[in-house]
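K.L.:
What follows is start.pdb, PDB, N, CA and C atoms.
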ATOM      1  N   MET A   1     -15.304  -0.395   3.156
ATOM      2  CA  MET A   1     -14.733  -0.700   4.442
ATOM      3  C   MET A   1     -13.395   0.010   4.632
ATOM      4  N   LEU A   2     -12.604   0.094   3.556
ATOM      5  CA  LEU A   2     -11.315   0.768   3.673
ATOM      6  C   LEU A   2     -11.503   2.228   4.049
ATOM      7  N   PHE A   3     -12.458   2.915   3.436
ATOM      8  CA  PHE A   3     -12.686   4.316   3.752
ATOM      9  C   PHE A   3     -13.158   4.482   5.191
ATOM     10  N   ALA A   4     -13.967   3.565   5.703
ATOM     11  CA  ALA A   4     -14.417   3.624   7.089
ATOM     12  C   ALA A   4     -13.261   3.421   8.050
ATOM     13  N   ASP A   5     -12.254   2.672   7.649
ATOM     14  CA  ASP A   5     -11.083   2.399   8.486
ATOM     15  C   ASP A   5     -10.063   3.528   8.471
ATOM     16  N   THR A   6     -10.194   4.473   7.558
ATOM     17  CA  THR A   6      -9.146   5.453   7.298
ATOM     18  C   THR A   6      -9.555   6.864   7.710
ATOM     19  N   ALA A   7      -8.682   7.496   8.520
ATOM     20  CA  ALA A   7      -8.849   8.916   8.824
ATOM     21  C   ALA A   7      -8.004   9.752   7.871
ATOM     22  N   GLU A   8      -6.839   9.209   7.512
ATOM     23  CA  GLU A   8      -5.919   9.922   6.630
ATOM     24  C   GLU A   8      -4.970   8.918   5.985
ATOM     25  N   SER A   9      -4.542   9.222   4.776
ATOM     26  CA  SER A   9      -3.497   8.418   4.140
ATOM     27  C   SER A   9      -2.668   9.315   3.224
ATOM     28  N   VAL A  10      -1.360   9.128   3.308
ATOM     29  CA  VAL A  10      -0.423   9.894   2.496
ATOM     30  C   VAL A  10       0.577   8.912   1.898
ATOM     31  N   LEU A  11       0.726   8.954   0.598
ATOM     32  CA  LEU A  11       1.650   8.084  -0.111
ATOM     33  C   LEU A  11       2.866   8.909  -0.508
ATOM     34  N   SER A  12       4.056   8.466  -0.094
ATOM     35  CA  SER A  12       5.300   9.175  -0.413
ATOM     36  C   SER A  12       6.222   8.241  -1.190
ATOM     37  N   LEU A  13       6.585   8.651  -2.385
ATOM     38  CA  LEU A  13       7.449   7.843  -3.234
ATOM     39  C   LEU A  13       8.879   7.868  -2.701
ATOM     40  N   ARG A  14       9.447   6.679  -2.484
ATOM     41  CA  ARG A  14      10.856   6.567  -2.106
ATOM     42  C   ARG A  14      11.745   6.493  -3.340
ATOM     43  N   LYS A  15      11.368   5.607  -4.261
ATOM     44  CA  LYS A  15      12.244   5.358  -5.405
ATOM     45  C   LYS A  15      11.488   4.595  -6.482
ATOM     46  N   THR A  16      11.910   4.776  -7.725
ATOM     47  CA  THR A  16      11.452   3.924  -8.826
ATOM     48  C   THR A  16      12.647   3.107  -9.305
ATOM     49  N   LEU A  17      12.361   1.886  -9.707
ATOM     50  CA  LEU A  17      13.412   0.971 -10.153
ATOM     51  C   LEU A  17      12.987   0.347 -11.477
ATOM     52  N   LEU A  18      13.873   0.343 -12.457
ATOM     53  CA  LEU A  18      13.592  -0.213 -13.777
ATOM     54  C   LEU A  18      14.518  -1.391 -14.011
ATOM     55  N   SER A  19      13.943  -2.508 -14.458
ATOM     56  CA  SER A  19      14.762  -3.691 -14.747
ATOM     57  C   SER A  19      15.722  -3.395 -15.898
ATOM     58  N   ALA A  20      16.794  -4.163 -15.964
ATOM     59  CA  ALA A  20      17.825  -3.958 -16.992
ATOM     60  C   ALA A  20      17.253  -4.059 -18.406
ATOM     61  N   ASP A  21      16.271  -4.932 -18.615
ATOM     62  CA  ASP A  21      15.698  -5.084 -19.959
ATOM     63  C   ASP A  21      14.513  -4.149 -20.214
ATOM     64  N   GLY A  22      14.144  -3.334 -19.219
ATOM     65  CA  GLY A  22      13.076  -2.356 -19.395
ATOM     66  C   GLY A  22      11.670  -2.920 -19.373
ATOM     67  N   SER A  23      11.511  -4.180 -18.995
ATOM     68  CA  SER A  23      10.182  -4.800 -19.029
ATOM     69  C   SER A  23       9.426  -4.705 -17.704
ATOM     70  N   THR A  24      10.106  -4.281 -16.654
ATOM     71  CA  THR A  24       9.495  -4.224 -15.336
ATOM     72  C   THR A  24       9.898  -2.934 -14.628
ATOM     73  N   LEU A  25       8.917  -2.280 -14.025
ATOM     74  CA  LEU A  25       9.132  -1.038 -13.299
ATOM     75  C   LEU A  25       8.552  -1.210 -11.904
ATOM     76  N   ALA A  26       9.313  -0.844 -10.879
ATOM     77  CA  ALA A  26       8.824  -0.947  -9.508
ATOM     78  C   ALA A  26       8.778   0.443  -8.883
ATOM     79  N   PHE A  27       7.753   0.676  -8.084
ATOM     80  CA  PHE A  27       7.571   1.911  -7.330
ATOM     81  C   PHE A  27       7.610   1.541  -5.850
ATOM     82  N   TRP A  28       8.498   2.164  -5.078
ATOM     83  CA  TRP A  28       8.644   1.877  -3.653
ATOM     84  C   TRP A  28       8.117   3.078  -2.890
ATOM     85  N   PHE A  29       7.098   2.849  -2.053
ATOM     86  CA  PHE A  29       6.409   3.922  -1.344
ATOM     87  C   PHE A  29       6.460   3.734   0.172
ATOM     88  N   ASP A  30       6.368   4.856   0.876
ATOM     89  CA  ASP A  30       6.002   4.856   2.292
ATOM     90  C   ASP A  30       4.536   5.245   2.326
ATOM     91  N   PHE A  31       3.734   4.462   3.021
ATOM     92  CA  PHE A  31       2.303   4.722   3.112
ATOM     93  C   PHE A  31       2.001   5.180   4.529
ATOM     94  N   GLY A  32       1.674   6.452   4.686
ATOM     95  CA  GLY A  32       1.332   7.018   5.989
ATOM     96  C   GLY A  32      -0.161   6.887   6.208
ATOM     97  N   TRP A  33      -0.564   5.776   6.820
ATOM     98  CA  TRP A  33      -1.978   5.492   7.040
ATOM     99  C   TRP A  33      -2.319   5.810   8.491
ATOM    100  N   VAL A  34      -3.419   6.530   8.700
ATOM    101  CA  VAL A  34      -3.939   6.806  10.041
ATOM    102  C   VAL A  34      -5.330   6.193  10.099
ATOM    103  N   LEU A  35      -5.514   5.291  11.059
ATOM    104  CA  LEU A  35      -6.805   4.615  11.209
ATOM    105  C   LEU A  35      -7.872   5.587  11.681
ATOM    106  N   ALA A  36      -9.110   5.207  11.547
ATOM    107  CA  ALA A  36     -10.237   6.059  11.926
ATOM    108  C   ALA A  36     -10.193   6.461  13.392
ATOM    109  N   ASP A  37      -9.579   5.629  14.244
ATOM    110  CA  ASP A  37      -9.483   5.968  15.672
ATOM    111  C   ASP A  37      -8.292   6.860  15.982
ATOM    112  N   GLY A  38      -7.544   7.280  14.942
ATOM    113  CA  GLY A  38      -6.409   8.175  15.118
ATOM    114  C   GLY A  38      -5.067   7.484  15.265
ATOM    115  N   THR A  39      -5.043   6.165  15.233
ATOM    116  CA  THR A  39      -3.802   5.422  15.384
ATOM    117  C   THR A  39      -2.956   5.508  14.107
ATOM    118  N   PRO A  40      -1.733   6.057  14.188
ATOM    119  CA  PRO A  40      -0.844   6.036  13.028
ATOM    120  C   PRO A  40      -0.431   4.596  12.742
ATOM    121  N   THR A  41      -0.528   4.190  11.482
ATOM    122  CA  THR A  41      -0.247   2.811  11.089
ATOM    123  C   THR A  41       0.539   2.824   9.780
ATOM    124  N   PRO A  42       1.764   3.362   9.817
ATOM    125  CA  PRO A  42       2.543   3.455   8.583
ATOM    126  C   PRO A  42       3.104   2.104   8.154
ATOM    127  N   PHE A  43       3.279   1.939   6.850
ATOM    128  CA  PHE A  43       3.911   0.750   6.309
ATOM    129  C   PHE A  43       4.510   1.092   4.948
ATOM    130  N   THR A  44       5.294   0.176   4.415
ATOM    131  CA  THR A  44       5.862   0.382   3.081
ATOM    132  C   THR A  44       5.161  -0.540   2.097
ATOM    133  N   VAL A  45       5.168  -0.124   0.858
ATOM    134  CA  VAL A  45       4.521  -0.887  -0.205
ATOM    135  C   VAL A  45       5.369  -0.787  -1.471
ATOM    136  N   VAL A  46       5.342  -1.849  -2.245
ATOM    137  CA  VAL A  46       6.021  -1.862  -3.537
ATOM    138  C   VAL A  46       4.995  -2.262  -4.593
ATOM    139  N   ASP A  47       4.874  -1.454  -5.630
ATOM    140  CA  ASP A  47       4.057  -1.794  -6.794
ATOM    141  C   ASP A  47       5.017  -2.220  -7.895
ATOM    142  N   VAL A  48       4.769  -3.390  -8.462
ATOM    143  CA  VAL A  48       5.609  -3.897  -9.548
ATOM    144  C   VAL A  48       4.757  -3.917 -10.817
ATOM    145  N   ALA A  49       5.198  -3.159 -11.808
ATOM    146  CA  ALA A  49       4.462  -3.052 -13.063
ATOM    147  C   ALA A  49       5.191  -3.812 -14.163
ATOM    148  N   GLU A  50       4.457  -4.692 -14.843
ATOM    149  CA  GLU A  50       4.983  -5.345 -16.044
ATOM    150  C   GLU A  50       4.616  -4.457 -17.224
ATOM    151  N   LEU A  51       5.591  -4.148 -18.060
ATOM    152  CA  LEU A  51       5.376  -3.234 -19.174
ATOM    153  C   LEU A  51       5.281  -3.990 -20.490
ATOM    154  N   ASP A  52       4.401  -3.487 -21.375
ATOM    155  CA  ASP A  52       4.310  -4.097 -22.707
ATOM    156  C   ASP A  52       5.380  -3.484 -23.621
ATOM    157  N   GLU A  53       5.354  -3.850 -24.888
ATOM    158  CA  GLU A  53       6.369  -3.391 -25.829
ATOM    159  C   GLU A  53       6.377  -1.875 -26.012
ATOM    160  N   GLN A  54       5.232  -1.228 -25.788
ATOM    161  CA  GLN A  54       5.142   0.229 -25.923
ATOM    162  C   GLN A  54       5.465   0.960 -24.620
ATOM    163  N   GLY A  55       5.745   0.204 -23.559
ATOM    164  CA  GLY A  55       6.057   0.823 -22.275
ATOM    165  C   GLY A  55       4.850   1.084 -21.394
ATOM    166  N   TRP A  56       3.675   0.619 -21.800
ATOM    167  CA  TRP A  56       2.463   0.768 -21.003
ATOM    168  C   TRP A  56       2.380  -0.369 -19.977
ATOM    169  N   ILE A  57       1.768  -0.083 -18.856
ATOM    170  CA  ILE A  57       1.597  -1.104 -17.823
ATOM    171  C   ILE A  57       0.586  -2.136 -18.306
ATOM    172  N   SER A  58       1.029  -3.395 -18.368
ATOM    173  CA  SER A  58       0.122  -4.473 -18.772
ATOM    174  C   SER A  58      -0.398  -5.251 -17.564
ATOM    175  N   ARG A  59       0.379  -5.293 -16.509
ATOM    176  CA  ARG A  59      -0.039  -5.951 -15.256
ATOM    177  C   ARG A  59       0.568  -5.179 -14.101
ATOM    178  N   LEU A  60      -0.151  -5.145 -12.988
ATOM    179  CA  LEU A  60       0.329  -4.444 -11.800
ATOM    180  C   LEU A  60       0.185  -5.365 -10.596
ATOM    181  N   HIS A  61       1.262  -5.500  -9.842
ATOM    182  CA  HIS A  61       1.277  -6.323  -8.637
ATOM    183  C   HIS A  61       1.585  -5.398  -7.456
ATOM    184  N   ILE A  62       0.729  -5.394  -6.450
ATOM    185  CA  ILE A  62       0.920  -4.560  -5.273
ATOM    186  C   ILE A  62       1.350  -5.475  -4.128
ATOM    187  N   VAL A  63       2.517  -5.172  -3.563
ATOM    188  CA  VAL A  63       3.116  -6.041  -2.561
ATOM    189  C   VAL A  63       3.306  -5.255  -1.274
ATOM    190  N   TYR A  64       2.696  -5.735  -0.182
ATOM    191  CA  TYR A  64       2.962  -5.132   1.114
ATOM    192  C   TYR A  64       2.744  -6.163   2.203
ATOM    193  N   ASP A  65       3.389  -5.924   3.319
ATOM    194  CA  ASP A  65       3.345  -6.828   4.458
ATOM    195  C   ASP A  65       2.430  -6.224   5.512
ATOM    196  N   THR A  66       1.311  -6.881   5.786
ATOM    197  CA  THR A  66       0.351  -6.346   6.755
ATOM    198  C   THR A  66       0.674  -6.728   8.193
ATOM    199  N   ASP A  67       1.655  -7.598   8.413
ATOM    200  CA  ASP A  67       1.950  -8.038   9.773
ATOM    201  C   ASP A  67       2.238  -6.888  10.740
ATOM    202  N   PRO A  68       3.068  -5.887  10.366
ATOM    203  CA  PRO A  68       3.360  -4.814  11.321
ATOM    204  C   PRO A  68       2.143  -3.965  11.700
ATOM    205  N   ILE A  69       1.107  -3.943  10.872
ATOM    206  CA  ILE A  69      -0.057  -3.084  11.146
ATOM    207  C   ILE A  69      -1.289  -3.865  11.593
ATOM    208  N   ARG A  70      -1.214  -5.168  11.574
ATOM    209  CA  ARG A  70      -2.385  -6.000  11.857
ATOM    210  C   ARG A  70      -2.946  -5.762  13.266
ATOM    211  N   ASP A  71      -2.091  -5.626  14.278
ATOM    212  CA  ASP A  71      -2.575  -5.422  15.647
ATOM    213  C   ASP A  71      -3.368  -4.116  15.783
ATOM    214  N   SER A  72      -2.872  -3.036  15.186
ATOM    215  CA  SER A  72      -3.584  -1.749  15.253
ATOM    216  C   SER A  72      -4.939  -1.830  14.569
ATOM    217  N   TRP A  73      -4.979  -2.466  13.419
ATOM    218  CA  TRP A  73      -6.233  -2.599  12.674
ATOM    219  C   TRP A  73      -7.224  -3.459  13.456
ATOM    220  N   THR A  74      -6.748  -4.548  14.049
ATOM    221  CA  THR A  74      -7.619  -5.445  14.828
ATOM    222  C   THR A  74      -8.183  -4.720  16.043
ATOM    223  N   ARG A  75      -7.339  -3.930  16.739
ATOM    224  CA  ARG A  75      -7.821  -3.163  17.905
ATOM    225  C   ARG A  75      -8.937  -2.206  17.503
ATOM    226  N   GLN A  76      -8.777  -1.535  16.366
ATOM    227  CA  GLN A  76      -9.813  -0.609  15.908
ATOM    228  C   GLN A  76     -11.116  -1.353  15.645
ATOM    229  N   HIS A  77     -11.051  -2.485  14.987
ATOM    230  CA  HIS A  77     -12.252  -3.244  14.681
ATOM    231  C   HIS A  77     -12.915  -3.793  15.936
ATOM    232  N   ASN A  78     -12.134  -4.186  16.901
ATOM    233  CA  ASN A  78     -12.688  -4.713  18.147
ATOM    234  C   ASN A  78     -13.223  -3.614  19.056
ATOM    235  N   SER A  79     -12.843  -2.352  18.815
ATOM    236  CA  SER A  79     -13.295  -1.247  19.660
ATOM    237  C   SER A  79     -14.687  -0.755  19.276
ATOM    238  N   GLY A  80     -15.208  -1.199  18.129
ATOM    239  CA  GLY A  80     -16.533  -0.770  17.693
ATOM    240  C   GLY A  80     -16.514   0.441  16.796
ATOM    241  N   LEU A  81     -15.321   0.982  16.473
ATOM    242  CA  LEU A  81     -15.256   2.152  15.598
ATOM    243  C   LEU A  81     -15.603   1.805  14.161
ATOM    244  N   HIS A  82     -15.369   0.570  13.785
ATOM    245  CA  HIS A  82     -15.679   0.147  12.411
ATOM    246  C   HIS A  82     -17.171  -0.111  12.293
ATOM    247  N   ARG A  83     -17.773   0.388  11.243
ATOM    248  CA  ARG A  83     -19.201   0.198  11.052
ATOM    249  C   ARG A  83     -19.435  -0.645   9.829
TER     250      ARG A  83
END
Can you present the structure in this file as structure tokens?

P.N.:
Amino acid sequence: MLFADTAESVLSLRKTLLSADGSTLAFWFDFGWVLADGTPTPFTVVDVAELDEQGWISRLHIVYDTDPIRDSWTRQHNSGLHR
């Protein structure tokens, strides 16, 4: 369904942030999403990674707010473009 909703998507890294104790790493992105109907629907996203003792990602939390893009997505679905 996500691929059917998407005409284009570009992820641009804003910044990485490391906790003082080195156990958590965050990635802050701008997500340039264009819906299948051509509507630009950009939003920001933060991925928070919990790191194990070796520095490998042990858990990943993806955080984003869909409220700013919900109306555009709903319009596309109500227009019949979504299959």

K.L.:
Might you pull out every residue within 6 Å of A:Ala49, with only N, CA and C atoms counted and same-chain residues fewer than 2 positions away left off, and present them as a list in words?

P.N.:
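So the residues in contact are Ser23, Thr24, Leu25, Ala26, Phe27, Asp47, Leu51, Ile57, Ser58, Arg59, Leu60 and His61 of chain A.
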
K.L.:
So how far away is atom C of A:Arg70 from atom C of A:Phe29, in Å?

P.N.:
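Between these atoms lies a distance of 18.7 Å.
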
K.L.:
Take atom CA of A:Gly38 and atom CA of A:Ala7 and report the distance between them in Å, one decimal.

P.N.:
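Between atom CA of A:Gly38 and atom CA of A:Ala7 the gap works out to 6.8 Å.
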
K.L.:
Record the distance separating atom CA of A:Trp56 and atom CA of A:Gly32, expressed in Å with one decimal.

P.N.:
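Spanning atom CA of A:Trp56 to atom CA of A:Gly32 is a straight-line distance of 27.7 Å.
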
K.L.:
Could you tell me, as JSON, numbers by chain, which residues of chain A DSSP assigns to strand (DSSP E or B) when given the backbone?

P.N.:
{"A": [6, 7, 8, 9, 10, 11, 12, 13, 14, 15, 16, 17, 18, 24, 25, 26, 27, 28, 29, 30, 31, 32, 33, 34, 35, 40, 43, 44, 45, 46, 47, 48, 49, 50, 51, 57, 58, 59, 60, 61, 62, 63, 64]}
